[in-house]
Amino acid sequence: MESTPVNWEALDALLIDFAKSENLIEEDSSAPSPSSSSYHSRLLIRHVRRSLHTGAIDAAVNLLRLHAPSILTDHKILFRLHKQKFIELLRKGTAEDRDSAIQCLRTSLAPCALDAYPEAYEEFKHVLLAFIYDKDDNTSPVANEWSERRRLDLAGYMSSMLRAHLNAYDPIFSMALRYLISIHRVHCLRQGITSPISDLTERLLLEERDPPATPQDILYEVPPFDEVDIQALAHAVELTRQGAIDSLRFSKGDLFLAFQNELCRMRLDVPLLDQLVREYCVYRGIVDSASGKQPISESVKFNRQDPGYCSSRDGSLEIDCNASKHSDGETSVTNAQNNGSPENNADVTSMGRIDFEVRYASELTSIHEDCSTSGSQQHDNGAALQRSRLSGNGERSKRKRWRGRYDDNSYVPNASLEEHSKQEHSISTVVSTISKEKQGSEKPSVHDVSNVEDRYEILLGMKELASRGMAAEAVQEVNAIDPNFFAQNSVLLFQLKQVEFLKLVSSGDYSAALKVACTHLGPLASSDPALLKPLKETLLALLRPNEDALGNALPLHALAASLQVAVGRRLGVEEPQLMKIMRATLYTHNEWFKLQMCKDRFEGLLRIDSLKEANTPFLAPVSISKSYADSCTNGSSPATVSSGTRTSEDGSSPAQVSSRDVICDEGAILKVMEFLALPRADAIHLLAQYNGNAETVIQQIFA
C-alpha cells in the first residue's frame with residue numbers, strides 16, 4: 001500500500017502564508033505588512049485571553065472597550081465578565097477588595113442580571129453565596145464559581161465570540177492541520193489502527209476546545225437548516241446534531257463560516273507548531289538556517305548596567321539571568337498563573353521574541369560521527385559544498401529570516417519586562433526539551449554547527465539542481481558525496497535519468513538521449529520490472545520532438561523533494577516531522593472519505609485538494625512510507641470501494657455499495673444518520689443489509 005503523494009510546493013505556499021500572517025518571518029521593508037488587520041485582531045484576542053486566564057477582568061474589559069467596544073453591548077457577555085470580576089475581588093481576601101466586590105454587585109452585576117438572559121438573575125442570586133462559603137471549600141454550593149476553571153472557560157468563550165465578531169480566523173494552514181489531525185485520530189480509532197504519528201499529534205492538537213460562541217436571542221427563530229449541512233458539519237468537527245444546529249444558528253446558516261468557527265475552537269500547542277514550521281522551512285530553503293540559531297553561550301551578553309539581565313546579540317531578546325535564583329514560591333505562582341497548559345504557554349510566547357532551534361541542532365553529534373569519511377571523501381564533500389554554495393548563492397539571498405513569535409506589547413497595560421522575560425525563559429526551555437526528545441542522551445557540540453549547516457547547504461543545492469531539471473549535475477553531486485547511494489536507490493537514479501533523457505530530446509540531441517537510455521534506463525529497467533512501463537512511456541517522447549517533453553512529463557519539484565529526503569537520510573539529516581504529519585494525515589483523509597463514500601465538502605476551503613495534486617505521469621512509482629502503510633493494515637482490512645462508486649462534489653449524489661450492489665439514496669443515508677445518530681459509513685453499511693430501505697433499518701434497530 002502506498003501513501004498519498006504530497007504536493008510540497010503547495011504546502012510551501014501555505015506555510016509561507018502562515019508565517020507571514022503570524023509575522024514569524026521578516027519581510028523586505030518595501031513589502032506591505034500582510035494581513036495586518038487580521039493579525040492585530042488575533043493579537044487582541046490573545047491578550048484578552050491572557051488577562052482572563054490570570055483573573056485580570058478589568059484589564060480585559062479595558063482592552064475590549066478600546067478595540068472592540070460593540071461586543072460589550074451584548075449583555076450576556078457583560079454579565080459573565082462582571083460575575084467573574086466579583087469572584088476575583090473576593091478571591092483576593094482583603095477588606096478593601098471585599099468592599100470593591102460589594103460595589104461591583106451594586107453598580108454592575110445586579111443591573112446587568114436583570115436583562116442579560118432568563119437564567120441570569122438566578123445565577124446572580126446564587127453567586128451571592130460566595131460571601132458565605134470560602135474559596136477552599138470544595139463541597140460548597142459555589143465551588144464551581146470559585147474554581148479557576150471558570151477563568152479558562154470564560155477566556156475560551158470570549159475568544160470564540162471575538163474571533164467571529166472581528167472575523168479574525170486563523171491562517172488556512174493552521175485550520176487545515178487541525179482538521180486533518182482530527183480526522184486522522186477518528187479514522188485510526190474506528191479502524192483499530194495504531195497511528196505512527198500519535199506522539200506528535202497528541203501534543204500538537206490539544207483535547208480541550210474553547211466553549212462555543214452563542215447566538216443572540218433573535219437568531220433562535222430561524223428557518224430549518226438543510227439536513228445535509230447539519231450532518232456534514234457535525235461529522236466534520238465531531239459535534240452532536242444539536243451542536244451543529246447551534247453553530248449554524250450563530251453563523252446565520254453559513255455552513256463554511258460555522259465550520260471555521262468550530263475549527264478555531266480546537267486548540268493547538270503554538271510553540272510546538274512554530275517549531276515544526278520553522279524546521280520545515282529551513283529544510284526546504286524557505287528560511288535561512290542561520291537566523292535565530294546561535295548557541296546560547298555565544299548569543300547572550302551581559303548588560304553592564306544590570307548584571308541580572310542578559311540580552312541577545314542583536315538586542316531582540318532580554319531575559320532575567322537571575323530567574324534561577326528566585327524562591328520556589330515565586331516559581332509556583334508563575335506556574336499557577338499559567339495553569340501549566342500548552343495553550344497558556346502559547347499565549348505567553350506571544351509576549352516576547354523566542355527564536356526556536358531547529359531539530360537538527362540536537363542531531364549534531366550523531367551526524368558528525370555517522371557521516372565522517374576518509375580524507376578523499378571529505379575532499380569530495382568539500383567540493384560539493386563549494387559547488388552548492390556557488391550555485392545557491394542567489395537562492396539563499398531569497399530566503400526569509402525567521403523572526404519568531406513576539407507581539408506588540410501596546411495591548412498590554414503595565415507590561416512587566418521581567419515577568420515576560422521569565423516566561424520566555426520557561427517556554428524556550430520547554431521547546432528545547434521537545435526538540436531533543438528523539439535524541440536520547442546525546443549532547444550536541446557547538447563546534448559541529450557549521451558541519452550541519454554545510455550538509456543542509458549540500459541538500460538544498462541538490463534540490464535546486466533537480467528542480468531545475470539539471471539531472472546530470474545532480475547525479476554527479478550525489479556520487480561525489482556517496483558513490484554507493486544509487487546502488488541502493490535505483491528508482492531515484494532512473495527518475496533522474498528520465499529527466500536527463502527528456503531534456504536531451506527537447507533540445508533535439510536524440511543521439512545523446514538514446515545513449516542515456518541504453519546506458520542507464522535500459523539496464524535499470526532490466527533489473528526492476530516495475531520500471532519497464534515508465535521506460536516505454538518515456539521513449540514515446542521521441543515521437544513528439546516538437547513538444548516540451550520535460551515540462552509536460554515530469555513534476556520536477558516532487559523529484560527534487562524525494563532526492564533531498566533520501567540523500568538527507570544518508571547524511572544523517574532526517575526529514576522534517578511536519579512532512580511525516582502531512583503524509584500520514586493526507587493518507588487517512590483519503591481513506592476516511594472512501595469509507596464515507598462521498599467527497600469532502602471542506603477540502604477546497606482548506607486547500608487540502610491542492611496538497612494532493614501531485615501528478616506523476618511518467619515517473620517510476622516509488623513506495624513511500626512503507627512502515628506507515630504496514631501500520632495502517634494492523635488487524636483491519638482496507639475499505640473496498642468499487643470502480644462504479646459514485647461520489648459528488650457536495651455529497652448529495654447516490655452512493656453505491658459494491659458488496660451488495662445496493663444503491664443507497666442520499667436521503668435514506670441522511671435519515672439513518674439523523675434518527676440513529678450514526679456516522680455516514682455505518683449508515684451506509686446498515687442500509688446495504690436492508691436493501692437500502694431506511695424505514696426498515698430504523699424499525700429493526702428499535703425492534
# chains A, B, ... in the order shown; residues from 1 in each chain; ligands from 1
$ residues_around --residues "Ser610 in chain A" --least-positions-apart "2" --cutoff "12 Å" --atoms "only C-alpha atoms" --output "number ranges by chain"
A: 5-14, 176, 586, 603-608, 612-615
$ residues_around --residues "Glu575 in chain A" --least-positions-apart "6" --cutoff "9 Å" --atoms "only C-alpha atoms" --output "PyMOL selection string"
chain A and resi 280+283+564-566+568-569
$ write_last_selection --atoms "all heavy atoms" --output "short mmCIF file (atom, residue, chain, number, x, y, z; two decimals), in the first residue's frame"
data_model
loop_
_atom_site.label_atom_id
_atom_site.label_comp_id
_atom_site.auth_asym_id
_atom_site.auth_seq_id
_atom_site.Cartn_x
_atom_site.Cartn_y
_atom_site.Cartn_z
N TYR A 280 10.61 22.81 9.02
CA TYR A 280 10.27 22.52 7.62
C TYR A 280 10.80 23.61 6.70
O TYR A 280 11.36 23.32 5.63
CB TYR A 280 8.75 22.39 7.49
CG TYR A 280 8.28 22.17 6.06
CD1 TYR A 280 8.12 20.89 5.55
CD2 TYR A 280 7.98 23.26 5.24
CE1 TYR A 280 7.69 20.69 4.25
CE2 TYR A 280 7.55 23.07 3.93
CZ TYR A 280 7.41 21.79 3.44
OH TYR A 280 6.99 21.60 2.15
N TYR A 283 14.49 23.33 6.17
CA TYR A 283 14.79 22.15 5.36
C TYR A 283 14.50 22.41 3.88
O TYR A 283 15.23 21.96 3.00
CB TYR A 283 13.94 20.99 5.87
CG TYR A 283 14.25 19.64 5.24
CD1 TYR A 283 15.25 18.82 5.77
CD2 TYR A 283 13.53 19.17 4.15
CE1 TYR A 283 15.53 17.58 5.22
CE2 TYR A 283 13.80 17.94 3.59
CZ TYR A 283 14.80 17.14 4.13
OH TYR A 283 15.06 15.92 3.58
N GLN A 564 16.04 15.01 -2.05
CA GLN A 564 16.52 15.68 -0.84
C GLN A 564 16.31 14.81 0.40
O GLN A 564 17.20 14.69 1.25
CB GLN A 564 15.78 17.01 -0.66
CG GLN A 564 16.25 17.81 0.57
CD GLN A 564 15.42 19.06 0.78
OE1 GLN A 564 14.33 19.21 0.23
NE2 GLN A 564 15.93 19.98 1.57
N VAL A 565 15.13 14.19 0.50
CA VAL A 565 14.84 13.34 1.67
C VAL A 565 15.77 12.13 1.70
O VAL A 565 16.34 11.79 2.75
CB VAL A 565 13.36 12.89 1.65
CG1 VAL A 565 13.12 11.82 2.71
CG2 VAL A 565 12.44 14.08 1.89
N ALA A 566 15.94 11.47 0.55
CA ALA A 566 16.74 10.24 0.50
C ALA A 566 18.21 10.52 0.79
O ALA A 566 18.85 9.82 1.58
CB ALA A 566 16.58 9.57 -0.86
N GLY A 568 19.38 13.16 2.30
CA GLY A 568 19.47 13.67 3.66
C GLY A 568 19.58 12.56 4.68
O GLY A 568 20.36 12.64 5.64
N ARG A 569 18.83 11.49 4.48
CA ARG A 569 18.90 10.37 5.42
C ARG A 569 20.28 9.73 5.41
O ARG A 569 20.79 9.32 6.46
CB ARG A 569 17.85 9.32 5.05
CG ARG A 569 16.43 9.74 5.42
CD ARG A 569 15.40 8.77 4.91
NE ARG A 569 14.06 9.16 5.32
CZ ARG A 569 12.95 8.69 4.77
NH1 ARG A 569 13.03 7.80 3.78
NH2 ARG A 569 11.77 9.09 5.19
#
$ residues_around --residues "Ser41 in chain A" --least-positions-apart "6" --cutoff "12 Å" --atoms "only C-alpha atoms" --output "PyMOL selection string"
chain A and resi 21-22+35+47-48+63-64+67-68+159+162-170+407-408+411
$ atom_distance --atom1 "CA of Ser527 in chain A" --atom2 "CA of Phe486 in chain A"
13.4 Å
$ closest_residue --among "A:Ser251, A:Gln231, A:Gln84, A:Thr588" --to "Ser182 in chain A" --atoms "only C-alpha atoms"
A:Thr588
$ atom_distance --atom1 "CA of Asp246 in chain A" --atom2 "CA of Cys112 in chain A"
24.6 Å
$ closest_residue --among "A:Ile87, A:Ala101, A:Leu268, A:Cys518" --to "Ala143 in chain A" --atoms "only C-alpha atoms"
A:Ile87
$ residues_around --residues "Leu276 in chain A" --least-positions-apart "6" --cutoff "8 Å" --atoms "only C-alpha atoms" --output "list in words"
Pro576, Gln577 and Leu578 of chain A
$ atom_distance --atom1 "CA of Arg91 in chain A" --atom2 "CA of Ser51 in chain A"
15.9 Å
$ residues_around --residues "Ala525 in chain A" --least-positions-apart "2" --cutoff "10 Å" --atoms "only C-alpha atoms" --output "PDB file with N, CA, C and O atoms, in the first residue's frame"
ATOM      1  N   SER A 490      17.914   2.816  -6.773  1.00  0.00           N
ATOM      2  CA  SER A 490      17.926   2.721  -8.237  1.00  0.00           C
ATOM      3  C   SER A 490      16.736   3.449  -8.868  1.00  0.00           C
ATOM      4  O   SER A 490      16.838   3.959  -9.987  1.00  0.00           O
ATOM      5  N   VAL A 491      15.607   3.505  -8.187  1.00  0.00           N
ATOM      6  CA  VAL A 491      14.434   4.180  -8.748  1.00  0.00           C
ATOM      7  C   VAL A 491      14.696   5.679  -8.880  1.00  0.00           C
ATOM      8  O   VAL A 491      14.325   6.298  -9.880  1.00  0.00           O
ATOM      9  N   PHE A 494      16.843   6.165 -11.835  1.00  0.00           N
ATOM     10  CA  PHE A 494      16.032   6.024 -13.046  1.00  0.00           C
ATOM     11  C   PHE A 494      15.260   7.315 -13.329  1.00  0.00           C
ATOM     12  O   PHE A 494      15.207   7.794 -14.469  1.00  0.00           O
ATOM     13  N   HIS A 520      21.756   3.707 -19.165  1.00  0.00           N
ATOM     14  CA  HIS A 520      21.212   3.764 -17.807  1.00  0.00           C
ATOM     15  C   HIS A 520      19.777   3.240 -17.707  1.00  0.00           C
ATOM     16  O   HIS A 520      19.508   2.339 -16.898  1.00  0.00           O
ATOM     17  N   LEU A 521      18.859   3.799 -18.500  1.00  0.00           N
ATOM     18  CA  LEU A 521      17.451   3.448 -18.334  1.00  0.00           C
ATOM     19  C   LEU A 521      17.193   1.977 -18.638  1.00  0.00           C
ATOM     20  O   LEU A 521      16.463   1.301 -17.891  1.00  0.00           O
ATOM     21  N   GLY A 522      17.770   1.475 -19.727  1.00  0.00           N
ATOM     22  CA  GLY A 522      17.568   0.075 -20.087  1.00  0.00           C
ATOM     23  C   GLY A 522      18.044  -0.887 -19.025  1.00  0.00           C
ATOM     24  O   GLY A 522      17.275  -1.754 -18.571  1.00  0.00           O
ATOM     25  N   PRO A 523      19.334  -0.811 -18.609  1.00  0.00           N
ATOM     26  CA  PRO A 523      19.805  -1.722 -17.562  1.00  0.00           C
ATOM     27  C   PRO A 523      19.017  -1.613 -16.261  1.00  0.00           C
ATOM     28  O   PRO A 523      18.773  -2.628 -15.596  1.00  0.00           O
ATOM     29  N   SER A 527      16.720  -4.745 -14.448  1.00  0.00           N
ATOM     30  CA  SER A 527      16.886  -5.247 -13.082  1.00  0.00           C
ATOM     31  C   SER A 527      15.639  -5.031 -12.229  1.00  0.00           C
ATOM     32  O   SER A 527      15.519  -5.613 -11.152  1.00  0.00           O
ATOM     33  N   ASP A 528      14.710  -4.182 -12.688  1.00  0.00           N
ATOM     34  CA  ASP A 528      13.480  -3.926 -11.930  1.00  0.00           C
ATOM     35  C   ASP A 528      12.314  -3.873 -12.911  1.00  0.00           C
ATOM     36  O   ASP A 528      12.096  -2.860 -13.585  1.00  0.00           O
ATOM     37  N   PRO A 529      11.537  -4.950 -13.019  1.00  0.00           N
ATOM     38  CA  PRO A 529      10.441  -4.998 -13.999  1.00  0.00           C
ATOM     39  C   PRO A 529       9.418  -3.871 -13.833  1.00  0.00           C
ATOM     40  O   PRO A 529       8.744  -3.504 -14.794  1.00  0.00           O
ATOM     41  N   ALA A 530       9.295  -3.331 -12.635  1.00  0.00           N
ATOM     42  CA  ALA A 530       8.328  -2.254 -12.406  1.00  0.00           C
ATOM     43  C   ALA A 530       8.681  -1.004 -13.192  1.00  0.00           C
ATOM     44  O   ALA A 530       7.831  -0.120 -13.382  1.00  0.00           O
ATOM     45  N   LEU A 531       9.932  -0.921 -13.659  1.00  0.00           N
ATOM     46  CA  LEU A 531      10.374   0.269 -14.389  1.00  0.00           C
ATOM     47  C   LEU A 531      10.150   0.156 -15.897  1.00  0.00           C
ATOM     48  O   LEU A 531      10.382   1.126 -16.628  1.00  0.00           O
ATOM     49  N   LEU A 532       9.710  -1.014 -16.378  1.00  0.00           N
ATOM     50  CA  LEU A 532       9.526  -1.197 -17.816  1.00  0.00           C
ATOM     51  C   LEU A 532       8.426  -0.293 -18.373  1.00  0.00           C
ATOM     52  O   LEU A 532       8.572   0.311 -19.440  1.00  0.00           O
ATOM     53  N   LYS A 533       7.309  -0.198 -17.663  1.00  0.00           N
ATOM     54  CA  LYS A 533       6.211   0.630 -18.151  1.00  0.00           C
ATOM     55  C   LYS A 533       6.608   2.102 -18.242  1.00  0.00           C
ATOM     56  O   LYS A 533       6.406   2.730 -19.287  1.00  0.00           O
ATOM     57  N   PRO A 534       7.179   2.703 -17.174  1.00  0.00           N
ATOM     58  CA  PRO A 534       7.605   4.103 -17.316  1.00  0.00           C
ATOM     59  C   PRO A 534       8.699   4.287 -18.359  1.00  0.00           C
ATOM     60  O   PRO A 534       8.780   5.349 -18.978  1.00  0.00           O
ATOM     61  N   LEU A 535       9.524   3.237 -18.605  1.00  0.00           N
ATOM     62  CA  LEU A 535      10.542   3.345 -19.650  1.00  0.00           C
ATOM     63  C   LEU A 535       9.882   3.464 -21.024  1.00  0.00           C
ATOM     64  O   LEU A 535      10.273   4.303 -21.843  1.00  0.00           O
ATOM     65  N   LYS A 536       8.861   2.645 -21.264  1.00  0.00           N
ATOM     66  CA  LYS A 536       8.156   2.704 -22.552  1.00  0.00           C
ATOM     67  C   LYS A 536       7.509   4.075 -22.753  1.00  0.00           C
ATOM     68  O   LYS A 536       7.570   4.653 -23.836  1.00  0.00           O
TER      69      LYS A 536
END
$ closest_residue --among "A:Ile701, A:Ala213, A:Leu595, A:Met462" --to "Met161 in chain A" --atoms "only C-alpha atoms"
A:Ala213
